[in-house]
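Right, one structure below, let's go through it.
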Amino acid sequence: MKTYQIAAIPADGIGPEVIEAGTAVLAALAERQGDVDYQVTTFDWGSDYYKKNGVMMPEDGLETLKRFDSIFFGAVGAPDVPDHITLWGLRLPICQGFDQYANVRPTKIIPGVTSPLHDVGVGDLDWVIVRENSEGEYSGNGGRAHRGLPEEVGTEVAIFTRVGVTRIMRYAFELAQSRPRKLLTVVTKSNAQRHGMVMWDEIAEEVSKEFPDVTWDKMLVDAMTVRMVKNPQSLDTIVATNLHADILSDLAGALAGSLGVAPTANIDPQRRSPSMFEPIHGSAFDITGKGIANPVATFWTASQMLDHLGENEAASLLMAAVERVCAEGIMTPDVGGSATTREVTEAVIEAIKGSNVLPNSRTSAA
């Protein structure tokens, strides 16, 4: 019996709802596999924890998480807590503290979901966006002076290091090399940002020489938004800075039909620390508690987590079950359906139980 220790941090808004759905699906997969145990330990960190304790997670939070194989994250953000507190108090300390420098966001159109681009013959929109996840525009470097005065100044300094850019570029080229089209697009803004972004371009050129079988091109980020909408078939693997990829991946999710189907993996490729897996959609307080949060992004995120753990057959089975359920029209309102979170979850679980993809895990929640 293989046992994986998974730390669940549901956090805010619809986070607890979708993580509950994700945990239920892991249980069904575990039962189907028969020789794996996904042990899920849930932590109550987040905005409610902050209101009680003045911090988003305990001081020893990272030390606590180190013993786990993976982190299953819900969403962070609350209307009555400033966004910079929620983000810098929980998600970013985990990403940066564990050097999860590769943020991987796949995009494709799930069967049954209609893309806004359906009139341009978009196909399945099979992209993967690789986001540099440790530095760049989200380094947290900068400050404010003369607060409240007319001469108040705020600086936000983007930091790009040769080590940081080289490793994410190499990760992106390797990923592109592993995909059928072997095609990579490098996104910068090197016409206006003439230091860090020009360095991105130069390092991309250097790293490309290690991958002669990968075809690559580069785009300015503003032109990239147009290309994603007008010529989506020309794209496959995409790499960009922390800020640029953050924005482009939300656009990609919307083009695929909804942010409710978009997953994320925050990866430490060297596996020195646990990686973290989370849906893109955020805390979505406008639908919290209504039972209509789309769990598909969380299921896809769980599939990424299973792949990272080496449970590739289980990952494939989960995605096959999700696609079958959506193709049957069992979907939440954000993608044109009328089903609840629970109904989608139950349908995916039934599809997993009825599949013959796996020969035959048990999940326990602590």
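Ligands are numbered from 1 in the order shown, chains are lettered A, B, ... in the order of the structure tokens, and residues start at 1 in each chain.
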
Nearby residues (only C-alpha atoms) at most 7 Å from stretch 43-50 of chain A, same-chain spacing under 4 positions excluded, as a VMD selection string:
chain A and resid 8 to 9 11 to 12 54 to 57 76 to 78 81 86

Within 12 Å of A:Tyr138, counting only C-alpha atoms, which residues show up once you throw out same-chain ones fewer than 6 positions away? Write them as JSON, numbers by chain, please.
{"A": [84, 87, 88, 92, 93, 95, 96, 101, 131, 132, 156, 157, 158, 159, 160, 241, 242, 243, 244, 245, 246]}

Determine, using only C-alpha atoms, which residues of stretch 165-269 of chain A have any atom at most 12 Å from an atom of stretch 307-312 of chain A, and tabulate each with its shortest atom pair and distance in Å to one decimal place, rows ordered by chain and then rising number, as JSON lines.
```
{"residue": "A:Ala265", "atom": "CA", "partner": "A:His308", "partner_atom": "CA", "distance": 9.2}
{"residue": "A:Asn266", "atom": "CA", "partner": "A:His308", "partner_atom": "CA", "distance": 10.6}
{"residue": "A:Ile267", "atom": "CA", "partner": "A:His308", "partner_atom": "CA", "distance": 8.7}
{"residue": "A:Asp268", "atom": "CA", "partner": "A:His308", "partner_atom": "CA", "distance": 10.3}
{"residue": "A:Pro269", "atom": "CA", "partner": "A:His308", "partner_atom": "CA", "distance": 9.6}
```

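Among the residues of stretch 48-150 of chain A, backbone DSSP assigns strand (DSSP E) to Ser70, Ile71, Phe72, Phe73, Gly74, Ala75, Ala102, Asn103, Val104, Arg105, Pro106, Thr107, Trp127, Val128, Ile129, Val130, Arg131, Glu132, Gly136, Glu137, Tyr138, Ser139, Gly140, Asn141, Gly142, Gly143, Arg144 and Ala145 of chain A.
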
May I have the selected residues written with N, CA and C atoms, as a PDB file, in the first residue's frame?
```
ATOM      1  N   SER A  70       2.302  16.678  -0.936  1.00  0.00           N
ATOM      2  CA  SER A  70       1.702  17.699  -1.790  1.00  0.00           C
ATOM      3  C   SER A  70       0.805  18.594  -0.942  1.00  0.00           C
ATOM      4  N   ILE A  71       0.529  19.781  -1.496  1.00  0.00           N
ATOM      5  CA  ILE A  71      -0.384  20.731  -0.862  1.00  0.00           C
ATOM      6  C   ILE A  71      -1.544  20.967  -1.820  1.00  0.00           C
ATOM      7  N   PHE A  72      -2.764  20.803  -1.314  1.00  0.00           N
ATOM      8  CA  PHE A  72      -3.996  20.976  -2.081  1.00  0.00           C
ATOM      9  C   PHE A  72      -4.653  22.254  -1.569  1.00  0.00           C
ATOM     10  N   PHE A  73      -4.614  23.293  -2.387  1.00  0.00           N
ATOM     11  CA  PHE A  73      -4.976  24.645  -1.938  1.00  0.00           C
ATOM     12  C   PHE A  73      -6.288  25.072  -2.585  1.00  0.00           C
ATOM     13  N   GLY A  74      -7.152  25.735  -1.794  1.00  0.00           N
ATOM     14  CA  GLY A  74      -8.446  26.178  -2.303  1.00  0.00           C
ATOM     15  C   GLY A  74      -8.385  27.538  -2.970  1.00  0.00           C
ATOM     16  N   ALA A  75      -8.573  28.575  -2.193  1.00  0.00           N
ATOM     17  CA  ALA A  75      -8.548  29.946  -2.715  1.00  0.00           C
ATOM     18  C   ALA A  75      -8.308  30.893  -1.555  1.00  0.00           C
ATOM     19  N   ALA A 102       8.068  27.062 -10.768  1.00  0.00           N
ATOM     20  CA  ALA A 102       7.353  26.806 -12.025  1.00  0.00           C
ATOM     21  C   ALA A 102       5.858  26.717 -11.761  1.00  0.00           C
ATOM     22  N   ASN A 103       5.130  27.714 -12.225  1.00  0.00           N
ATOM     23  CA  ASN A 103       3.672  27.703 -12.140  1.00  0.00           C
ATOM     24  C   ASN A 103       3.155  27.232 -13.493  1.00  0.00           C
ATOM     25  N   VAL A 104       2.485  26.083 -13.496  1.00  0.00           N
ATOM     26  CA  VAL A 104       2.088  25.439 -14.739  1.00  0.00           C
ATOM     27  C   VAL A 104       0.566  25.459 -14.860  1.00  0.00           C
ATOM     28  N   ARG A 105       0.070  26.096 -15.935  1.00  0.00           N
ATOM     29  CA  ARG A 105      -1.365  26.277 -16.119  1.00  0.00           C
ATOM     30  C   ARG A 105      -1.801  25.747 -17.492  1.00  0.00           C
ATOM     31  N   PRO A 106      -2.256  24.502 -17.555  1.00  0.00           N
ATOM     32  CA  PRO A 106      -2.751  23.966 -18.825  1.00  0.00           C
ATOM     33  C   PRO A 106      -4.124  24.547 -19.175  1.00  0.00           C
ATOM     34  N   THR A 107      -4.402  24.602 -20.458  1.00  0.00           N
ATOM     35  CA  THR A 107      -5.697  25.083 -20.943  1.00  0.00           C
ATOM     36  C   THR A 107      -6.169  24.161 -22.064  1.00  0.00           C
ATOM     37  N   TRP A 127      -3.210  24.312 -24.764  1.00  0.00           N
ATOM     38  CA  TRP A 127      -2.060  25.132 -24.399  1.00  0.00           C
ATOM     39  C   TRP A 127      -1.551  24.731 -23.018  1.00  0.00           C
ATOM     40  N   VAL A 128      -0.294  25.061 -22.753  1.00  0.00           N
ATOM     41  CA  VAL A 128       0.224  25.064 -21.389  1.00  0.00           C
ATOM     42  C   VAL A 128       1.002  26.367 -21.195  1.00  0.00           C
ATOM     43  N   ILE A 129       0.603  27.136 -20.194  1.00  0.00           N
ATOM     44  CA  ILE A 129       1.309  28.373 -19.869  1.00  0.00           C
ATOM     45  C   ILE A 129       2.219  28.114 -18.679  1.00  0.00           C
ATOM     46  N   VAL A 130       3.504  28.412 -18.851  1.00  0.00           N
ATOM     47  CA  VAL A 130       4.488  28.280 -17.782  1.00  0.00           C
ATOM     48  C   VAL A 130       4.782  29.684 -17.249  1.00  0.00           C
ATOM     49  N   ARG A 131       4.515  29.876 -15.988  1.00  0.00           N
ATOM     50  CA  ARG A 131       4.687  31.180 -15.336  1.00  0.00           C
ATOM     51  C   ARG A 131       5.869  31.126 -14.373  1.00  0.00           C
ATOM     52  N   GLU A 132       6.810  32.053 -14.543  1.00  0.00           N
ATOM     53  CA  GLU A 132       7.886  32.160 -13.549  1.00  0.00           C
ATOM     54  C   GLU A 132       7.244  32.576 -12.235  1.00  0.00           C
ATOM     55  N   GLY A 136      10.597  38.258 -10.472  1.00  0.00           N
ATOM     56  CA  GLY A 136       9.926  39.156 -11.409  1.00  0.00           C
ATOM     57  C   GLY A 136       9.176  40.280 -10.727  1.00  0.00           C
ATOM     58  N   GLU A 137       7.970  40.520 -11.209  1.00  0.00           N
ATOM     59  CA  GLU A 137       7.170  41.650 -10.729  1.00  0.00           C
ATOM     60  C   GLU A 137       6.563  41.394  -9.347  1.00  0.00           C
ATOM     61  N   TYR A 138       6.561  40.126  -8.912  1.00  0.00           N
ATOM     62  CA  TYR A 138       5.967  39.783  -7.618  1.00  0.00           C
ATOM     63  C   TYR A 138       7.039  39.461  -6.576  1.00  0.00           C
ATOM     64  N   SER A 139       8.187  40.073  -6.722  1.00  0.00           N
ATOM     65  CA  SER A 139       9.274  39.813  -5.775  1.00  0.00           C
ATOM     66  C   SER A 139       9.009  40.408  -4.401  1.00  0.00           C
ATOM     67  N   GLY A 140       8.129  41.393  -4.333  1.00  0.00           N
ATOM     68  CA  GLY A 140       7.865  42.070  -3.065  1.00  0.00           C
ATOM     69  C   GLY A 140       8.905  43.102  -2.719  1.00  0.00           C
ATOM     70  N   ASN A 141       9.716  43.483  -3.711  1.00  0.00           N
ATOM     71  CA  ASN A 141      10.775  44.460  -3.470  1.00  0.00           C
ATOM     72  C   ASN A 141      10.262  45.861  -3.802  1.00  0.00           C
ATOM     73  N   GLY A 142      10.485  46.786  -2.907  1.00  0.00           N
ATOM     74  CA  GLY A 142      10.000  48.160  -3.103  1.00  0.00           C
ATOM     75  C   GLY A 142       9.551  48.735  -1.778  1.00  0.00           C
ATOM     76  N   GLY A 143       8.781  49.784  -1.823  1.00  0.00           N
ATOM     77  CA  GLY A 143       8.307  50.384  -0.582  1.00  0.00           C
ATOM     78  C   GLY A 143       7.530  51.661  -0.819  1.00  0.00           C
ATOM     79  N   ARG A 144       7.128  52.278   0.287  1.00  0.00           N
ATOM     80  CA  ARG A 144       6.393  53.540   0.233  1.00  0.00           C
ATOM     81  C   ARG A 144       7.021  54.532   1.201  1.00  0.00           C
ATOM     82  N   ALA A 145       7.048  55.763   0.776  1.00  0.00           N
ATOM     83  CA  ALA A 145       7.607  56.832   1.617  1.00  0.00           C
ATOM     84  C   ALA A 145       6.659  58.023   1.623  1.00  0.00           C
TER      85      ALA A 145
END
```

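Residue nearest A:Arg324 within the list A:Ala240, A:Ile110, A:Ala297, A:Leu184: A:Ile110 [criterion: smallest interatomic distance, only C-alpha atoms].
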
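For the atom pair formed by atom CA of A:Ile238 and atom CA of A:Arg194, the distance is 20.9 Å, given to one decimal.
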
Selection: 8 Å around stretch 196-203 of chain A, only C-alpha atoms, excl. self and same-chain fewer than 2 positions, as a count of residues only:
16

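Distances from A:Glu346, A:Lys108, A:Glu210, A:Pro150 to A:Asp236 were compared using only C-alpha atoms, and the smallest one belongs to A:Lys108.
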
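Minimum distance to A:Gln5 across A:Ile330, A:Ile19, A:Val40, A:Ala223 (counting only C-alpha atoms) occurs at A:Val40.
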
If you count only C-alpha atoms, which residues fall within 9 Å of A:Gly22, apart from same-chain ones fewer than 4 positions away, as JSON, numbers by chain?
{"A": [17, 18, 26, 27, 72, 295, 296, 298, 299, 301, 302, 345]}

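Shortest separation to A:Ala252 among A:Leu149, A:Met319, A:Ile168, A:Ile109 occurs at residue A:Ile109, atoms counted being only C-alpha atoms.
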
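For the pair atom CA of A:Val344 and atom CA of A:Met331, the separation is 6.2 Å.
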
I need the residues in stretch 104-187 of chain A that are alpha helix (DSSP H) according to DSSP; give them as JSON, numbers by chain.
{"A": [162, 163, 164, 165, 166, 167, 168, 169, 170, 171, 172, 173, 174, 175, 176, 177, 178]}

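Going from atom CA of A:Thr185 over to atom CA of A:Trp216, you cover 5.6 Å.
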
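Among the candidate residues A:Gly89, A:Pro180, A:Pro232, A:Gly15, the one lying nearest to A:Leu62 is A:Gly89, with distances computed using only C-alpha atoms.
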
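Ranking A:Asp37, A:Asp60, A:Asp69, A:Asp217 by their shortest atom-to-atom distance to A:Phe277, with only C-alpha atoms included, puts A:Asp69 first.
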